[in-house]
file upload12.pdb (PDB, C-alpha atoms and all ligand atoms)
MODEL        1
ATOM      1  CA  MET W   1      85.831-206.398 -90.087
ATOM      2  CA  VAL W   2      87.026-202.967 -91.144
ATOM      3  CA  ARG W   3      89.940-201.493 -89.213
ATOM      4  CA  PHE W   4      89.743-197.828 -88.222
ATOM      5  CA  VAL W   5      92.441-195.353 -87.291
ATOM      6  CA  ASP W   6      91.814-192.432 -84.984
ATOM      7  CA  THR W   7      93.514-189.215 -85.942
ATOM      8  CA  THR W   8      93.733-185.828 -84.262
ATOM      9  CA  ILE W   9      94.619-182.594 -86.011
ATOM     10  CA  THR W  10      95.528-179.752 -83.678
ATOM     11  CA  PHE W  11      96.225-176.179 -84.596
ATOM     12  CA  PRO W  12      97.757-174.226 -81.706
ATOM     13  CA  TYR W  13      97.897-170.464 -81.986
ATOM     14  CA  LYS W  14      98.135-167.282 -79.929
ATOM     15  CA  ARG W  15      95.779-164.336 -80.122
ATOM     16  CA  SER W  16      96.124-160.846 -78.717
ATOM     17  CA  LEU W  17      93.258-159.891 -76.446
ATOM     18  CA  GLY W  18      93.004-156.118 -76.803
ATOM     19  CA  PRO W  19      92.142-153.596 -74.072
ATOM     20  CA  VAL W  20      88.712-154.945 -73.103
ATOM     21  CA  THR W  21      89.088-158.726 -73.238
ATOM     22  CA  GLY W  22      92.631-158.386 -71.832
ATOM     23  CA  ALA W  23      91.295-156.498 -68.798
ATOM     24  CA  PHE W  24      88.532-159.097 -68.395
ATOM     25  CA  MET W  25      91.059-161.962 -68.454
ATOM     26  CA  THR W  26      93.443-160.169 -66.081
ATOM     27  CA  ALA W  27      90.569-159.611 -63.636
ATOM     28  CA  LEU W  28      89.712-163.327 -63.746
ATOM     29  CA  THR W  29      93.157-164.103 -62.321
ATOM     30  CA  GLU W  30      92.177-161.751 -59.439
ATOM     31  CA  LYS W  31      88.880-163.647 -58.970
ATOM     32  CA  ARG W  32      86.936-160.663 -60.273
ATOM     33  CA  ILE W  33      84.452-160.599 -63.166
ATOM     34  CA  LEU W  34      84.194-157.474 -65.310
ATOM     35  CA  GLY W  35      81.435-156.228 -67.570
ATOM     36  CA  ILE W  36      81.335-153.136 -69.771
ATOM     37  CA  ARG W  37      78.797-150.347 -69.552
ATOM     38  CA  ASN W  38      76.596-150.038 -72.633
ATOM     39  CA  GLY W  39      74.043-147.250 -72.084
ATOM     40  CA  ASP W  40      71.954-148.335 -69.118
ATOM     41  CA  GLY W  41      73.126-151.935 -69.387
ATOM     42  CA  VAL W  42      76.274-153.899 -68.537
ATOM     43  CA  LEU W  43      77.510-156.536 -70.993
ATOM     44  CA  VAL W  44      79.190-159.648 -69.563
ATOM     45  CA  PRO W  45      81.632-160.777 -70.882
ATOM     46  CA  PRO W  46      82.634-157.265 -71.939
ATOM     47  CA  MET W  47      82.890-156.427 -75.652
ATOM     48  CA  GLU W  48      84.579-153.599 -77.493
ATOM     49  CA  TRP W  49      81.528-152.886 -79.614
ATOM     50  CA  ASP W  50      77.789-152.693 -79.003
ATOM     51  CA  PRO W  51      76.519-156.027 -80.390
ATOM     52  CA  ALA W  52      73.248-154.408 -81.539
ATOM     53  CA  THR W  53      74.609-151.335 -83.359
ATOM     54  CA  GLY W  54      78.312-152.060 -83.857
ATOM     55  CA  ALA W  55      79.176-148.722 -82.207
ATOM     56  CA  GLU W  56      82.435-148.629 -80.261
ATOM     57  CA  LEU W  57      81.834-148.649 -76.521
ATOM     58  CA  ALA W  58      83.614-146.336 -74.091
ATOM     59  CA  ASN W  59      86.085-148.440 -72.132
ATOM     60  CA  GLU W  60      83.997-148.247 -68.940
ATOM     61  CA  LEU W  61      84.534-151.538 -67.177
ATOM     62  CA  VAL W  62      82.538-152.386 -64.066
ATOM     63  CA  GLU W  63      82.804-155.279 -61.664
ATOM     64  CA  VAL W  64      79.807-157.625 -61.536
ATOM     65  CA  GLY W  65      78.848-160.660 -59.446
ATOM     66  CA  PRO W  66      80.588-162.765 -58.570
ATOM     67  CA  ALA W  67      77.278-164.404 -57.592
ATOM     68  CA  GLY W  68      74.304-164.442 -59.909
ATOM     69  CA  THR W  69      70.899-165.879 -60.686
ATOM     70  CA  VAL W  70      70.107-168.763 -63.048
ATOM     71  CA  GLU W  71      67.641-167.556 -65.690
ATOM     72  CA  SER W  72      67.317-170.822 -67.581
ATOM     73  CA  TRP W  73      69.216-174.083 -67.786
ATOM     74  CA  THR W  74      69.557-177.488 -69.368
ATOM     75  CA  TRP W  75      71.014-180.671 -67.893
ATOM     76  CA  VAL W  76      73.936-182.507 -69.495
ATOM     77  CA  PRO W  77      73.647-186.102 -68.241
ATOM     78  CA  GLU W  78      76.568-187.535 -70.241
ATOM     79  CA  PRO W  79      79.378-185.008 -70.721
ATOM     80  CA  THR W  80      81.764-185.490 -73.623
ATOM     81  CA  GLU W  81      85.455-184.649 -73.419
ATOM     82  CA  GLN W  82      84.671-181.246 -74.883
ATOM     83  CA  HIS W  83      82.467-180.276 -71.950
ATOM     84  CA  PRO W  84      83.886-178.258 -69.056
ATOM     85  CA  LEU W  85      83.066-180.899 -66.418
ATOM     86  CA  ASP W  86      83.556-184.661 -66.519
ATOM     87  CA  ARG W  87      80.401-185.386 -64.502
ATOM     88  CA  PRO W  88      76.723-184.559 -65.158
ATOM     89  CA  PHE W  89      76.153-180.810 -64.878
ATOM     90  CA  GLY W  90      73.785-177.999 -65.794
ATOM     91  CA  PHE W  91      74.438-175.509 -68.576
ATOM     92  CA  ALA W  92      72.827-172.283 -67.385
ATOM     93  CA  PHE W  93      72.254-168.711 -68.417
ATOM     94  CA  ILE W  94      73.478-166.911 -65.292
ATOM     95  CA  ARG W  95      72.767-163.228 -64.828
ATOM     96  CA  LEU W  96      75.570-162.037 -62.564
ATOM     97  CA  ASP W  97      74.606-159.355 -60.039
ATOM     98  CA  GLY W  98      74.918-155.990 -61.766
ATOM     99  CA  ALA W  99      74.920-157.434 -65.303
ATOM    100  CA  SER W 100      72.172-156.980 -67.855
ATOM    101  CA  THR W 101      73.157-159.957 -70.051
ATOM    102  CA  PRO W 102      73.379-163.602 -68.987
ATOM    103  CA  LEU W 103      76.620-165.579 -69.051
ATOM    104  CA  LEU W 104      76.382-169.161 -70.300
ATOM    105  CA  TYR W 105      78.299-171.366 -67.884
ATOM    106  CA  ALA W 106      78.421-174.808 -66.281
ATOM    107  CA  VAL W 107      76.788-175.295 -62.884
ATOM    108  CA  ASP W 108      78.078-178.168 -60.755
ATOM    109  CA  ALA W 109      74.813-178.921 -58.976
ATOM    110  CA  GLY W 110      75.149-182.701 -58.589
ATOM    111  CA  SER W 111      71.747-183.541 -60.066
ATOM    112  CA  SER W 112      69.126-181.964 -62.278
ATOM    113  CA  GLY W 113      66.791-181.901 -59.273
ATOM    114  CA  ALA W 114      69.090-179.360 -57.643
ATOM    115  CA  MET W 115      68.723-176.955 -60.605
ATOM    116  CA  SER W 116      65.951-174.396 -60.854
ATOM    117  CA  ASP W 117      65.188-171.085 -62.501
ATOM    118  CA  GLY W 118      65.988-168.328 -60.046
ATOM    119  CA  MET W 119      68.552-170.349 -58.074
ATOM    120  CA  ARG W 120      71.555-168.436 -56.802
ATOM    121  CA  VAL W 121      75.033-169.522 -57.914
ATOM    122  CA  ALA W 122      78.620-168.344 -57.358
ATOM    123  CA  PRO W 123      81.895-169.144 -59.119
ATOM    124  CA  ARG W 124      84.259-171.941 -58.189
ATOM    125  CA  TRP W 125      87.656-170.524 -59.177
ATOM    126  CA  LYS W 126      90.625-172.565 -60.197
ATOM    127  CA  GLY W 127      93.549-172.362 -57.766
ATOM    128  CA  GLN W 128      95.941-171.621 -60.634
ATOM    129  CA  ARG W 129      94.500-168.899 -62.846
ATOM    130  CA  ILE W 130      96.126-167.977 -66.159
ATOM    131  CA  GLY W 131      93.797-165.360 -67.597
ATOM    132  CA  HIS W 132      91.361-167.586 -69.473
ATOM    133  CA  ILE W 133      87.596-167.974 -69.152
ATOM    134  CA  THR W 134      88.246-171.449 -67.720
ATOM    135  CA  ASP W 135      89.785-169.753 -64.655
ATOM    136  CA  ILE W 136      86.176-170.111 -63.543
ATOM    137  CA  ALA W 137      86.037-173.898 -63.175
ATOM    138  CA  CYS W 138      82.236-173.740 -62.937
ATOM    139  CA  PHE W 139      79.482-172.181 -60.825
ATOM    140  CA  VAL W 140      78.144-173.810 -57.655
ATOM    141  CA  PRO W 141      74.819-173.343 -55.855
ATOM    142  CA  GLY W 142      74.784-170.602 -53.208
ATOM    143  CA  GLU W 143      76.193-167.126 -52.620
ATOM    144  CA  GLN W 144      79.759-168.070 -51.727
ATOM    145  CA  SER W 145      82.619-168.263 -54.212
ATOM    146  CA  GLU W 146      85.048-171.159 -53.799
ATOM    147  CA  VAL W 147      88.594-171.920 -54.877
ATOM    148  CA  ASP W 148      89.610-175.344 -56.181
ATOM    149  CA  GLY W 149      92.710-176.403 -54.213
ATOM    150  CA  ASP W 150      95.432-173.941 -53.218
ATOM    151  CA  ASP W 151      94.905-170.368 -54.333
ATOM    152  CA  LEU W 152      98.069-169.481 -56.245
ATOM    153  CA  GLY W 153      97.064-165.833 -56.576
ATOM    154  CA  PRO W 154      96.618-163.435 -59.486
ATOM    155  CA  ALA W 155      98.782-163.169 -62.600
ATOM    156  CA  ALA W 156     102.032-161.232 -62.070
ATOM    157  CA  GLU W 157     101.542-159.243 -65.294
ATOM    158  CA  PRO W 158      98.463-158.004 -67.152
ATOM    159  CA  VAL W 159      97.145-160.704 -69.484
ATOM    160  CA  THR W 160      97.502-159.563 -73.105
ATOM    161  CA  MET W 161      97.723-162.827 -75.073
ATOM    162  CA  MET W 162      95.837-166.085 -75.070
ATOM    163  CA  ASP W 163      97.003-169.535 -76.175
ATOM    164  CA  TYR W 164      94.422-171.492 -78.057
ATOM    165  CA  THR W 165      94.422-174.967 -79.571
ATOM    166  CA  ALA W 166      91.856-175.745 -82.225
ATOM    167  CA  SER W 167      91.549-179.515 -82.381
ATOM    168  CA  ILE W 168      89.516-182.083 -84.261
ATOM    169  CA  LYS W 169      89.473-185.866 -83.877
ATOM    170  CA  TYR W 170      88.222-188.126 -86.635
ATOM    171  CA  ARG W 171      88.103-191.827 -87.555
ATOM    172  CA  ASN W 172      88.998-193.221 -90.932
ATOM    173  CA  PRO W 173      88.373-196.742 -92.181
ATOM    174  CA  VAL W 174      91.565-198.419 -93.446
ATOM    175  CA  PRO W 175      90.934-200.541 -96.545
ATOM    176  CA  PRO W 176      92.636-203.971 -96.441
ATOM    177  CA  THR W 177      94.492-202.928 -99.613
ATOM    178  CA  SER W 178      96.284-200.244 -97.610
ATOM    179  CA  ASP W 179      97.600-202.886 -95.223
ATOM    180  CA  LEU W 180      98.760-204.950 -98.230
ATOM    181  CA  VAL W 181     100.804-202.000 -99.526
ATOM    182  CA  VAL W 182     102.503-201.524 -96.158
ATOM    183  CA  GLU W 183     103.097-205.278 -95.763
ATOM    184  CA  GLY W 184     104.563-205.450 -99.277
ATOM    185  CA  SER W 185     106.882-202.582 -98.497
ATOM    186  CA  ARG W 186     108.509-204.689 -95.765
ATOM    187  CA  GLN W 187     109.826-206.895 -98.597
ATOM    188  CA  GLN W 188     110.670-203.730-100.557
ATOM    189  CA  ARG W 189     107.779-204.331-102.917
ATOM    190  CA  LEU W 190     105.865-201.384-104.358
ATOM    191  CA  VAL W 191     102.340-202.777-104.555
ATOM    192  CA  GLY W 192      99.592-201.388-106.802
ATOM    193  CA  PHE W 193      96.143-202.650-107.708
ATOM    194  CA  ARG W 194      94.872-203.240-111.233
ATOM    195  CA  CYS W 195      91.164-202.916-111.878
ATOM    196  CA  PRO W 196      90.003-205.967-113.874
ATOM    197  CA  MET W 197      87.339-203.876-115.653
ATOM    198  CA  CYS W 198      89.092-200.678-116.756
ATOM    199  CA  GLU W 199      92.647-202.047-116.296
ATOM    200  CA  ARG W 200      93.762-198.833-114.614
ATOM    201  CA  VAL W 201      96.437-199.230-111.923
ATOM    202  CA  TYR W 202      96.166-197.492-108.563
ATOM    203  CA  VAL W 203      98.750-196.897-105.863
ATOM    204  CA  GLY W 204      98.616-195.868-102.221
ATOM    205  CA  GLY W 205      96.366-198.714-101.138
ATOM    206  CA  ARG W 206      93.166-197.319-102.635
ATOM    207  CA  GLY W 207      90.388-199.788-101.799
ATOM    208  CA  VAL W 208      88.177-199.353-104.860
ATOM    209  CA  CYS W 209      88.394-198.368-108.496
ATOM    210  CA  PRO W 210      86.770-194.916-108.590
ATOM    211  CA  ILE W 211      85.637-195.492-112.194
ATOM    212  CA  ASP W 212      83.942-198.873-111.706
ATOM    213  CA  SER W 213      83.328-198.901-107.914
ATOM    214  CA  LEU W 214      84.966-202.307-107.914
ATOM    215  CA  GLU W 215      86.519-203.352-104.618
ATOM    216  CA  PHE W 216      90.186-204.380-104.735
ATOM    217  CA  HIS W 217      91.479-207.526-103.054
ATOM    218  CA  GLU W 218      94.771-209.357-102.863
ATOM    219  CA  GLN W 219      94.278-210.971-106.277
ATOM    220  CA  HIS W 220      94.300-207.496-107.896
ATOM    221  CA  ALA W 221      97.713-206.650-106.438
ATOM    222  CA  ILE W 222     100.628-206.171-108.827
ATOM    223  CA  ASP W 223     104.292-205.298-108.340
ATOM    224  CA  LEU W 224     105.260-201.901-109.672
ATOM    225  CA  PRO W 225     108.747-200.886-110.875
ATOM    226  CA  HIS W 226     111.160-199.067-108.581
ATOM    227  CA  THR W 227     112.208-196.526-111.194
ATOM    228  CA  GLY W 228     110.524-193.500-112.683
ATOM    229  CA  THR W 229     110.795-189.892-113.819
ATOM    230  CA  ILE W 230     110.020-186.673-111.973
ATOM    231  CA  THR W 231     107.111-184.920-113.701
ATOM    232  CA  ASN W 232     106.446-182.104-111.221
ATOM    233  CA  PHE W 233     107.739-180.796-107.944
ATOM    234  CA  VAL W 234     107.088-178.288-105.241
ATOM    235  CA  VAL W 235     109.649-176.669-102.933
ATOM    236  CA  ILE W 236     108.298-176.043 -99.457
ATOM    237  CA  THR W 237     109.814-173.437 -97.142
ATOM    238  CA  PRO W 238     108.804-174.670 -93.715
ATOM    239  CA  VAL W 239     106.977-172.298 -91.406
ATOM    240  CA  GLN W 240     108.044-173.048 -87.849
ATOM    241  CA  TYR W 241     104.630-173.896 -86.438
ATOM    242  CA  PRO W 242     104.550-176.230 -83.402
ATOM    243  CA  GLY W 243     105.298-179.777 -84.509
ATOM    244  CA  GLN W 244     107.184-178.775 -87.680
ATOM    245  CA  THR W 245     110.424-180.760 -87.700
ATOM    246  CA  GLU W 246     111.780-179.434 -91.012
ATOM    247  CA  THR W 247     113.919-176.302 -90.780
ATOM    248  CA  GLU W 248     115.260-175.943 -94.352
ATOM    249  CA  PRO W 249     113.388-175.740 -97.670
ATOM    250  CA  PHE W 250     112.639-179.212 -99.025
ATOM    251  CA  ALA W 251     111.131-180.657-102.193
ATOM    252  CA  ARG W 252     108.245-182.994-102.872
ATOM    253  CA  VAL W 253     108.139-184.573-106.310
ATOM    254  CA  PHE W 254     105.699-186.430-108.541
ATOM    255  CA  VAL W 255     107.124-189.647-109.997
ATOM    256  CA  LEU W 256     105.775-191.304-113.164
ATOM    257  CA  LEU W 257     106.641-194.999-112.853
ATOM    258  CA  ASP W 258     108.378-196.691-115.777
ATOM    259  CA  GLY W 259     106.033-198.650-118.022
ATOM    260  CA  PHE W 260     102.898-197.783-116.070
ATOM    261  CA  ASP W 261     100.342-195.023-116.280
ATOM    262  CA  VAL W 262     100.854-194.303-112.588
ATOM    263  CA  VAL W 263     102.083-191.161-110.810
ATOM    264  CA  LEU W 264     103.099-191.151-107.152
ATOM    265  CA  ALA W 265     102.406-187.686-105.753
ATOM    266  CA  TYR W 266     104.264-185.664-103.086
ATOM    267  CA  GLN W 267     107.230-187.997-102.738
ATOM    268  CA  PRO W 268     110.351-187.067-100.760
ATOM    269  CA  VAL W 269     113.651-186.883-102.665
ATOM    270  CA  ILE W 270     116.990-188.054-101.324
ATOM    271  CA  ASP W 271     120.439-186.721-102.270
ATOM    272  CA  LEU W 272     118.910-184.201-104.659
ATOM    273  CA  PRO W 273     119.418-180.601-103.446
ATOM    274  CA  VAL W 274     116.398-178.326-103.713
ATOM    275  CA  ASP W 275     118.117-176.196-106.391
ATOM    276  CA  ASP W 276     118.731-179.279-108.557
ATOM    277  CA  VAL W 277     115.176-180.620-108.515
ATOM    278  CA  ARG W 278     113.711-180.428-112.018
ATOM    279  CA  VAL W 279     111.259-182.111-114.349
ATOM    280  CA  GLY W 280     112.739-185.116-116.170
ATOM    281  CA  VAL W 281     115.153-186.387-113.494
ATOM    282  CA  ARG W 282     115.367-190.182-113.470
ATOM    283  CA  VAL W 283     114.943-191.618-109.982
ATOM    284  CA  GLY W 284     114.869-194.921-108.096
ATOM    285  CA  ALA W 285     113.028-195.931-104.929
ATOM    286  CA  VAL W 286     114.796-195.845-101.558
ATOM    287  CA  TRP W 287     113.606-198.171 -98.810
ATOM    288  CA  ALA W 288     113.952-197.719 -95.077
ATOM    289  CA  SER W 289     116.176-200.072 -93.130
ATOM    290  CA  PRO W 290     114.308-202.272 -90.618
ATOM    291  CA  ALA W 291     115.583-200.037 -87.792
ATOM    292  CA  GLU W 292     113.923-196.912 -89.181
ATOM    293  CA  ASP W 293     110.493-195.961 -87.933
ATOM    294  CA  THR W 294     108.185-195.467 -90.903
ATOM    295  CA  GLU W 295     104.900-195.838 -89.077
ATOM    296  CA  GLY W 296     102.167-193.853 -90.757
ATOM    297  CA  ASN W 297     103.886-193.739 -94.155
ATOM    298  CA  LEU W 298     101.308-194.220 -96.898
ATOM    299  CA  TYR W 299     103.716-196.499 -98.780
ATOM    300  CA  GLY W 300     105.178-198.194 -95.697
ATOM    301  CA  ARG W 301     108.948-198.516 -95.907
ATOM    302  CA  LEU W 302     109.276-196.563 -99.176
ATOM    303  CA  ILE W 303     110.899-193.371 -97.893
ATOM    304  CA  GLY W 304     111.723-191.499-101.075
ATOM    305  CA  TRP W 305     113.391-191.304-104.454
ATOM    306  CA  ILE W 306     117.037-190.787-105.381
ATOM    307  CA  PRO W 307     118.559-189.812-108.769
ATOM    308  CA  ASN W 308     119.724-193.022-110.453
ATOM    309  CA  GLY W 309     122.340-191.383-112.670
ATOM    310  CA  GLU W 310     120.535-191.809-115.980
ATOM    311  CA  ALA W 311     120.182-188.899-118.401
ATOM    312  CA  ASP W 312     117.134-186.635-117.902
ATOM    313  CA  VAL W 313     114.012-187.384-119.934
ATOM    314  CA  ASP W 314     113.304-184.534-122.332
ATOM    315  CA  ASP W 315     109.539-184.767-122.882
ATOM    316  CA  PRO W 316     107.418-181.578-122.871
ATOM    317  CA  ASP W 317     104.324-183.580-121.884
ATOM    318  CA  LEU W 318     105.895-184.836-118.644
ATOM    319  CA  VAL W 319     104.975-181.673-116.799
ATOM    320  CA  ASN W 320     101.303-182.335-117.439
ATOM    321  CA  ARG W 321     101.426-185.520-115.394
ATOM    322  CA  ILE W 322     100.322-184.703-111.871
ATOM    323  CA  PHE W 323      98.127-187.793-111.607
TER
HETATM  324 ZN    ZN N   1      88.207-199.744-113.008
ENDMDL
END

call {"tool": "encode", "arguments": {"input": "upload12.pdb", "output": "C-alpha cells"}}
result
Amino acid sequence: MVRFVDTTITFPYKRSLGPVTGAFMTALTEKRILGIRNGDGVLVPPMEWDPATGAELANELVEVGPAGTVESWTWVPEPTEQHPLDRPFGFAFIRLDGASTPLLYAVDAGSSGAMSDGMRVAPRWKGQRIGHITDIACFVPGEQSEVDGDDLGPAAEPVTMMDYTASIKYRNPVPPTSDLVVEGSRQQRLVGFRCPMCERVYVGGRGVCPIDSLEFHEQHAIDLPHTGTITNFVVITPVQYPGQTETEPFARVFVLLDGFDVVLAYQPVIDLPVDDVRVGVRVGAVWASPAEDTEGNLYGRLIGWIPNGEADVDDPDLVNRIF
C-alpha cells in the first residue's frame, strides 16, 4: 500500500481590467451584458482589439441580450469541482440577442433532453454581484432573467480590478523511506539510506537509488552525523505575497555532513544573522521540541542548523558542493 498526499498550490493575484473589460464587468453588476461594435458585428464578451486583424476597436459598447439562442451544446453529466455548476448541465454556445458571436456558458436545463439547438435561454444572475463573469450564475431555459436569492444591487463603484486565484491540486506518492526519516527525527535521528550497490548515501527519504533503481527499505537506513559545514547559501528577501509569513531577509544554506558525501540543501539557519552567513561555517543540527509543530517538514523535527563555535573550514572546493 502506497500512501499519497494531496497538495494544492494556489497563486492569488489581481489584474487591472482596462476600459473595455472593466465596463463589461461593471455592467454585469447592473445585470446588463455589453458587447463591442466591430464593423457590422458585435463581439461578446467585448474585446479591445479585433480578434481577426488585431486592429484597435473604437470603444463603442452596446447592450445585448440578456436572452439569447443556443447554437450548439454538449451535456456534462458528471461535473467536476472546476465546473460552474455542481449538478449535470449543458455547456452551450449562446448567441445573445444583438450579438454576432456566441458566448460559451452553462445552461441549467435539468436534463439533456431539455436541451436543443435553437432553444431560448436567459441569464440567472447572482444576488451578490462583484464584477466577474460568474455574476451570471448560469443560463436557464426561457426568455426571463432570474436572480438567485436577494438582489443586492449593482457595484457602488466602477469595477477596475479583478481578483484571480490560479490553483492546482496534485497527488504525490510518499515512499515508506520518507516516513522512516520523519519517525527517526522524533528520536532526533538524522536518517539516510545507503545503496548496497553503489554505496552512495541519500537523505530526505528518497525511495530509490537513482543510479541503480534499487528500492530502499528499513535495512538500508543509517544514522547520519549532526554536524557539518556550510558549502553554499542563498539570502531570500521575502516578497509579501499572500501566505508569506517571513517579513525580513533570511538565509537558506547547504550543509555538507561530516564524514559523508552528503549535502542537505536549503536548510534554515538559527542564531546566524544573514550578514554573517558564509561558506565554511561549522554547524550542528537543531531539533524541534515536542510542542513545536513541524508537520510537513521534509526532515521531520530537524528545524535547522546553528553555528557550533568551531573555526571555519578554509577549503576552496567547498563552494562547489551543492549536492
Ligand atoms: Zn546505488

call {"tool": "residues_near_point", "arguments": {"input": "upload12.pdb", "point": "(120.7, -195.2, -110.6)", "cutoff": "8 Å", "atoms": "only C-alpha atoms", "output": "PyMOL selection string"}}
result
chain W and resi 282-284+306-310

call {"tool": "residues_around", "arguments": {"input": "upload12.pdb", "residues": "Gly184 of chain W", "least_positions_apart": "4", "cutoff": "12 Å", "atoms": "only C-alpha atoms", "output": "ChimeraX atom specification"}}
result
/W:177-180,188-192,204-205,218,221-224,287,298-302

call {"tool": "residues_around", "arguments": {"input": "upload12.pdb", "residues": "segment 265-272 of chain W", "least_positions_apart": "6", "cutoff": "9 Å", "atoms": "all atoms listed in the file", "output": "MDAnalysis selection string"}}
result
chainID W and resid 232:234 250:256 283 286 303:307 322:323

call {"tool": "closest_residue", "arguments": {"input": "upload12.pdb", "among": "W:Asn320, W:Gly228, W:Val159, W:Gly280", "to": "Arg15 of chain W", "atoms": "only C-alpha atoms"}}
result
W:Val159

call {"tool": "axis_aligned_box", "arguments": {"input": "upload12.pdb", "around": "segment 217-230 of chain W", "padding_each_side": "8 Å", "output": "lines of an AutoDock Vina configuration file"}}
result
center_x = 101.8
center_y = -198.8
center_z = -108.3
size_x = 36.7
size_y = 40.3
size_z = 27.0

call {"tool": "closest_residue", "arguments": {"input": "upload12.pdb", "among": "W:Phe216, W:Phe260, W:Tyr13, W:Trp73", "to": "ligand ZN 1 (chain N)", "atoms": "only C-alpha atoms and all ligand atoms"}}
result
W:Phe216

call {"tool": "residues_around", "arguments": {"input": "upload12.pdb", "residues": "Pro225 of chain W", "least_positions_apart": "5", "cutoff": "8 Å", "atoms": "only C-alpha atoms", "output": "JSON list (two decimals) with C-alpha atoms, in the coordinates of the input"}}
result
[["chain", "number", "residue", "atom", "x", "y", "z"],
["W", 190, "LEU", "CA", 105.86, -201.38, -104.36],
["W", 257, "LEU", "CA", 106.64, -195.00, -112.85],
["W", 258, "ASP", "CA", 108.38, -196.69, -115.78],
["W", 259, "GLY", "CA", 106.03, -198.65, -118.02]]

call {"tool": "residues_near_ligand", "arguments": {"input": "upload12.pdb", "ligand": "ligand ZN 1 (chain N)", "cutoff": "8 Å", "atoms": "all atoms listed in the file", "output": "JSON, numbers by chain"}}
result
{"W": [194, 195, 196, 197, 198, 199, 200, 209, 210, 211, 212, 213, 214]}

call {"tool": "atom_distance", "arguments": {"input": "upload12.pdb", "atom1": "atom CA of Glu183 of chain W", "atom2": "atom CA of Asp261 of chain W"}}
result
23.1 Å

call {"tool": "atom_distance", "arguments": {"input": "upload12.pdb", "atom1": "atom CA of Arg87 of chain W", "atom2": "atom CA of Ala155 of chain W"}}
result
28.9 Å

call {"tool": "closest_residue", "arguments": {"input": "upload12.pdb", "among": "W:Phe139, W:Tyr164, W:Phe24, W:Tyr241", "to": "Tyr105 of chain W", "atoms": "only C-alpha atoms"}}
result
W:Phe139

call {"tool": "residues_around", "arguments": {"input": "upload12.pdb", "residues": "segment 118-134 of chain W", "least_positions_apart": "6", "cutoff": "10 Å", "atoms": "all atoms listed in the file", "output": "PDB file with C-alpha atoms, keeping the file's coordinate frame"}}
result
ATOM      1  CA  THR W  21      89.088-158.726 -73.238  1.00  0.00           C
ATOM      2  CA  GLY W  22      92.631-158.386 -71.832  1.00  0.00           C
ATOM      3  CA  ALA W  23      91.295-156.498 -68.798  1.00  0.00           C
ATOM      4  CA  PHE W  24      88.532-159.097 -68.395  1.00  0.00           C
ATOM      5  CA  MET W  25      91.059-161.962 -68.454  1.00  0.00           C
ATOM      6  CA  THR W  26      93.443-160.169 -66.081  1.00  0.00           C
ATOM      7  CA  ALA W  27      90.569-159.611 -63.636  1.00  0.00           C
ATOM      8  CA  LEU W  28      89.712-163.327 -63.746  1.00  0.00           C
ATOM      9  CA  THR W  29      93.157-164.103 -62.321  1.00  0.00           C
ATOM     10  CA  GLU W  30      92.177-161.751 -59.439  1.00  0.00           C
ATOM     11  CA  LYS W  31      88.880-163.647 -58.970  1.00  0.00           C
ATOM     12  CA  ARG W  32      86.936-160.663 -60.273  1.00  0.00           C
ATOM     13  CA  ILE W  33      84.452-160.599 -63.166  1.00  0.00           C
ATOM     14  CA  PRO W  45      81.632-160.777 -70.882  1.00  0.00           C
ATOM     15  CA  GLY W  65      78.848-160.660 -59.446  1.00  0.00           C
ATOM     16  CA  PRO W  66      80.588-162.765 -58.570  1.00  0.00           C
ATOM     17  CA  ALA W  67      77.278-164.404 -57.592  1.00  0.00           C
ATOM     18  CA  GLY W  68      74.304-164.442 -59.909  1.00  0.00           C
ATOM     19  CA  THR W  69      70.899-165.879 -60.686  1.00  0.00           C
ATOM     20  CA  VAL W  70      70.107-168.763 -63.048  1.00  0.00           C
ATOM     21  CA  GLU W  71      67.641-167.556 -65.690  1.00  0.00           C
ATOM     22  CA  SER W  72      67.317-170.822 -67.581  1.00  0.00           C
ATOM     23  CA  PRO W  84      83.886-178.258 -69.056  1.00  0.00           C
ATOM     24  CA  ILE W  94      73.478-166.911 -65.292  1.00  0.00           C
ATOM     25  CA  ARG W  95      72.767-163.228 -64.828  1.00  0.00           C
ATOM     26  CA  LEU W  96      75.570-162.037 -62.564  1.00  0.00           C
ATOM     27  CA  TYR W 105      78.299-171.366 -67.884  1.00  0.00           C
ATOM     28  CA  ALA W 106      78.421-174.808 -66.281  1.00  0.00           C
ATOM     29  CA  VAL W 107      76.788-175.295 -62.884  1.00  0.00           C
ATOM     30  CA  ASP W 108      78.078-178.168 -60.755  1.00  0.00           C
ATOM     31  CA  ALA W 109      74.813-178.921 -58.976  1.00  0.00           C
ATOM     32  CA  VAL W 140      78.144-173.810 -57.655  1.00  0.00           C
ATOM     33  CA  PRO W 141      74.819-173.343 -55.855  1.00  0.00           C
ATOM     34  CA  GLY W 142      74.784-170.602 -53.208  1.00  0.00           C
ATOM     35  CA  GLU W 143      76.193-167.126 -52.620  1.00  0.00           C
ATOM     36  CA  GLN W 144      79.759-168.070 -51.727  1.00  0.00           C
ATOM     37  CA  SER W 145      82.619-168.263 -54.212  1.00  0.00           C
ATOM     38  CA  GLU W 146      85.048-171.159 -53.799  1.00  0.00           C
ATOM     39  CA  VAL W 147      88.594-171.920 -54.877  1.00  0.00           C
ATOM     40  CA  ASP W 148      89.610-175.344 -56.181  1.00  0.00           C
ATOM     41  CA  GLY W 149      92.710-176.403 -54.213  1.00  0.00           C
ATOM     42  CA  ASP W 150      95.432-173.941 -53.218  1.00  0.00           C
ATOM     43  CA  ASP W 151      94.905-170.368 -54.333  1.00  0.00           C
ATOM     44  CA  LEU W 152      98.069-169.481 -56.245  1.00  0.00           C
ATOM     45  CA  GLY W 153      97.064-165.833 -56.576  1.00  0.00           C
ATOM     46  CA  PRO W 154      96.618-163.435 -59.486  1.00  0.00           C
ATOM     47  CA  ALA W 155      98.782-163.169 -62.600  1.00  0.00           C
ATOM     48  CA  ALA W 156     102.032-161.232 -62.070  1.00  0.00           C
ATOM     49  CA  PRO W 158      98.463-158.004 -67.152  1.00  0.00           C
ATOM     50  CA  VAL W 159      97.145-160.704 -69.484  1.00  0.00           C
ATOM     51  CA  THR W 160      97.502-159.563 -73.105  1.00  0.00           C
ATOM     52  CA  MET W 161      97.723-162.827 -75.073  1.00  0.00           C
ATOM     53  CA  MET W 162      95.837-166.085 -75.070  1.00  0.00           C
ATOM     54  CA  ASP W 163      97.003-169.535 -76.175  1.00  0.00           C
ATOM     55  CA  TYR W 164      94.422-171.492 -78.057  1.00  0.00           C
TER      56      TYR W 164
END
